[in-house]
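Note sheet for the following structure.
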Amino acid sequence: MGGMSVRTQSSEQSAEAAHRAGFACFVGRPNAGKSTLTNALVGKKVAITSNRPQTTRHTVRGIVHRPEAQLILVDTPGLHKPRTLLGERLNDVVRATWAEVDVIGFCLPADQKIGPGDRFIAKELAGIKRTPKIAIVTKTDLVDSKALAEQLIAVDQMARELGFEWQEIVPVSAVGDQQVALLADLLVPLLPEGPALYPEGDLTDEPEQVMVAELIREAALEGVRDELPHSIAVVVEEMLPREDRPADRPLVDIHANIYIERPSQKGIIIGPKGKRLKDVGVKSRQQIEALLGTPVFLDLHVKVAKDWQRDPKQLRRLGF
């Protein structure tokens, strides 16, 4: 009898030990399909997708829960050649994140030839020796099989030229949901063994305030094509449930400042007779209400923080 109990113990242990949990991040040029892929894997819209490049500056994580594994997706900002202090700080954040995750997925769209931007990222990846790297060829629904085969060969070739090898090269179409599950199957074995790191219900680890700021920032950027995306920062000064409200009719008060670098940008954000700012408020409020699940009173102000991108003190205050 004693022998039996020992055996069940060890088999239980090995069953438990087989559970894996860890971090992955997707990298790639803007519009390489990173956010779409995150959403397809997590199965719920979490990452804030934007048709503007490099707007996800904060780590938005999606979590893939599986019986045998938990995959936590860390979204790093786009790596790009730094033009300002902010750019350099972003790149440091990216490299630090890459070194800490368990696997890196490099997204390359199937319908675009590999360009200098891709090589720039691949070269950076080549320098990160220990982390396994997977090449993910996205948007495969946009090309025929011959073009796809050529792209897969080119992606393989690029790594060889830079002196490293992909663990896997996976074609996916997140839109058609093809092979998204397969991608998860390939990522999981690369994670370390261990218990789940987040409770089952968690889909994102992002503090709500940061997501709220990001939604306001997205709305403020929309349609201002000629302005640099980096010249707007949003700080949520406070976010409080309104007192004296009945439990079935809650209201959250949110006070936020939109910071711009120069007074001349104020008119662009506010618009003629304040119309644009009002639109920004309405649009972001609807999204914030969807995020928080309660009605929101949103109070927005536009302020000038002179050259905040170059000033370390201001950067710190604005959360970078």
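Letters A, B, ... mark the chains of the structure tokens in the order given; residue numbers begin at 1 per chain; ligand numbers begin at 1, in order shown.
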
Next item on the list: Using only C-alpha atoms, determine which residues lie at most 12 Å from Gly271 in chain A, disregarding the query and same-chain residues fewer than 5 positions distant; provide the list as a list in words.
Entry: Ala220, Gly223, Val224, Ser264, Gln265, Lys266, Arg276, Leu277, Lys278, Asp279, Val280 and Val302 of chain A

Using C-alpha atoms, can you export the residues from the last selection as a tab-separated table (two decimals), in the first residue's frame?
chain	number	residue	atom	x	y	z
A	220	ALA	CA	-7.22	62.62	-29.97
A	223	GLY	CA	-7.64	62.34	-38.17
A	224	VAL	CA	-4.62	64.46	-37.21
A	264	SER	CA	0.36	75.99	-32.02
A	265	GLN	CA	-0.85	72.39	-31.66
A	266	LYS	CA	-3.63	73.45	-29.31
A	276	ARG	CA	-12.94	68.48	-32.34
A	277	LEU	CA	-12.21	68.19	-28.63
A	278	LYS	CA	-15.91	67.52	-28.04
A	279	ASP	CA	-15.80	64.70	-30.62
A	280	VAL	CA	-12.68	63.29	-28.97
A	302	VAL	CA	-5.60	70.46	-23.29

Next item on the list: Report the distance between CA of Thr294 in chain A and CA of Leu37 in chain A in Å, rounded to one decimal place.
Entry: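 The value is 28.1 Å.
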
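In this model, the gap between CA of Leu292 in chain A and CA of Leu240 in chain A comes to 12.0 Å.
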
Item checked: Cys25 in chain A surroundings by only C-alpha atoms, 9 Å radius, close-in-sequence under 5 positions cut, as a ChimeraX atom specification -> /A:72-76,97-98,101-106

Next, dump the selected residues to file, keeping only N, CA and C atoms, as a PDB file, in the first residue's frame.
ATOM      1  N   ILE A  72       1.376  34.577 -21.704  1.00  0.00           N
ATOM      2  CA  ILE A  72       1.117  35.985 -21.430  1.00  0.00           C
ATOM      3  C   ILE A  72       1.795  36.807 -22.524  1.00  0.00           C
ATOM      4  N   LEU A  73       0.994  37.576 -23.241  1.00  0.00           N
ATOM      5  CA  LEU A  73       1.535  38.344 -24.359  1.00  0.00           C
ATOM      6  C   LEU A  73       1.866  39.750 -23.896  1.00  0.00           C
ATOM      7  N   VAL A  74       3.119  40.116 -24.066  1.00  0.00           N
ATOM      8  CA  VAL A  74       3.563  41.442 -23.669  1.00  0.00           C
ATOM      9  C   VAL A  74       3.741  42.231 -24.946  1.00  0.00           C
ATOM     10  N   ASP A  75       3.104  43.357 -25.040  1.00  0.00           N
ATOM     11  CA  ASP A  75       3.169  44.133 -26.269  1.00  0.00           C
ATOM     12  C   ASP A  75       4.209  45.217 -26.109  1.00  0.00           C
ATOM     13  N   THR A  76       5.363  45.068 -26.759  1.00  0.00           N
ATOM     14  CA  THR A  76       6.367  46.128 -26.655  1.00  0.00           C
ATOM     15  C   THR A  76       6.065  47.199 -27.682  1.00  0.00           C
ATOM     16  N   THR A  97      12.707  44.387 -22.556  1.00  0.00           N
ATOM     17  CA  THR A  97      11.573  43.451 -22.612  1.00  0.00           C
ATOM     18  C   THR A  97      11.968  42.198 -23.385  1.00  0.00           C
ATOM     19  N   TRP A  98      12.624  42.382 -24.530  1.00  0.00           N
ATOM     20  CA  TRP A  98      13.012  41.240 -25.354  1.00  0.00           C
ATOM     21  C   TRP A  98      13.906  40.286 -24.582  1.00  0.00           C
ATOM     22  N   VAL A 101      11.590  38.174 -21.943  1.00  0.00           N
ATOM     23  CA  VAL A 101      10.499  37.254 -22.297  1.00  0.00           C
ATOM     24  C   VAL A 101      11.048  35.863 -22.624  1.00  0.00           C
ATOM     25  N   ASP A 102      10.139  34.887 -22.711  1.00  0.00           N
ATOM     26  CA  ASP A 102      10.551  33.504 -22.975  1.00  0.00           C
ATOM     27  C   ASP A 102      10.605  33.184 -24.458  1.00  0.00           C
ATOM     28  N   VAL A 103       9.857  33.932 -25.233  1.00  0.00           N
ATOM     29  CA  VAL A 103       9.878  33.702 -26.681  1.00  0.00           C
ATOM     30  C   VAL A 103       9.471  35.000 -27.388  1.00  0.00           C
ATOM     31  N   ILE A 104      10.101  35.239 -28.537  1.00  0.00           N
ATOM     32  CA  ILE A 104       9.778  36.432 -29.324  1.00  0.00           C
ATOM     33  C   ILE A 104       9.193  35.979 -30.657  1.00  0.00           C
ATOM     34  N   GLY A 105       8.050  36.545 -31.018  1.00  0.00           N
ATOM     35  CA  GLY A 105       7.461  36.267 -32.326  1.00  0.00           C
ATOM     36  C   GLY A 105       7.656  37.483 -33.217  1.00  0.00           C
ATOM     37  N   PHE A 106       8.347  37.290 -34.333  1.00  0.00           N
ATOM     38  CA  PHE A 106       8.593  38.404 -35.257  1.00  0.00           C
ATOM     39  C   PHE A 106       7.563  38.345 -36.381  1.00  0.00           C
TER      40      PHE A 106
END

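All residues of protein, DNA or RNA that reach within 9 Å of Gln209 in chain A, judged by only C-alpha atoms and not counting those fewer than 3 positions away in the chain, are Glu206, Val212, Ala213, Glu214, Val235, Val236, Glu238 and Met239 of chain A.
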
Resulting file, chosen residues, N, CA and C atoms, as a compact mmCIF listing (two decimals), in the first residue's frame:
# COMPACT_ATOMS: atom_id res chain seq x y z
N GLU A 206 -3.09 45.43 -17.54
CA GLU A 206 -2.90 46.86 -17.66
C GLU A 206 -3.74 47.60 -16.61
N VAL A 212 -7.32 53.82 -20.09
CA VAL A 212 -8.18 54.98 -20.30
C VAL A 212 -7.40 56.08 -21.00
N ALA A 213 -6.19 56.34 -20.49
CA ALA A 213 -5.34 57.37 -21.10
C ALA A 213 -5.06 57.03 -22.56
N GLU A 214 -4.81 55.76 -22.82
CA GLU A 214 -4.50 55.31 -24.17
C GLU A 214 -5.70 55.49 -25.11
N VAL A 235 -2.52 62.21 -19.57
CA VAL A 235 -2.39 61.80 -18.18
C VAL A 235 -3.77 61.84 -17.54
N VAL A 236 -4.19 60.71 -16.97
CA VAL A 236 -5.45 60.68 -16.23
C VAL A 236 -5.12 61.15 -14.81
N GLU A 238 -7.31 61.96 -12.29
CA GLU A 238 -8.02 61.14 -11.31
C GLU A 238 -9.19 60.42 -11.93
N MET A 239 -9.52 59.31 -11.29
CA MET A 239 -10.58 58.45 -11.77
C MET A 239 -11.28 57.93 -10.53

Next item on the list: Would you list the contacts of Thr140 in chain A as a ChimeraX atom specification, taking every protein, DNA or RNA residue within 8 Å and counting only C-alpha atoms, but skipping same-chain residues closer than 3 positions in sequence?
Entry: /A:109-111,137,143-144,148,171-173

Note to self: Ranking A:Thr131, A:Asn257, A:Thr38, A:Ser284 by minimum distance to Trp166 in chain A and counting only C-alpha atoms, which one comes first?
What the structure shows: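 Nearest candidate to Trp166 in chain A out of A:Thr131, A:Asn257, A:Thr38, A:Ser284: A:Thr131.
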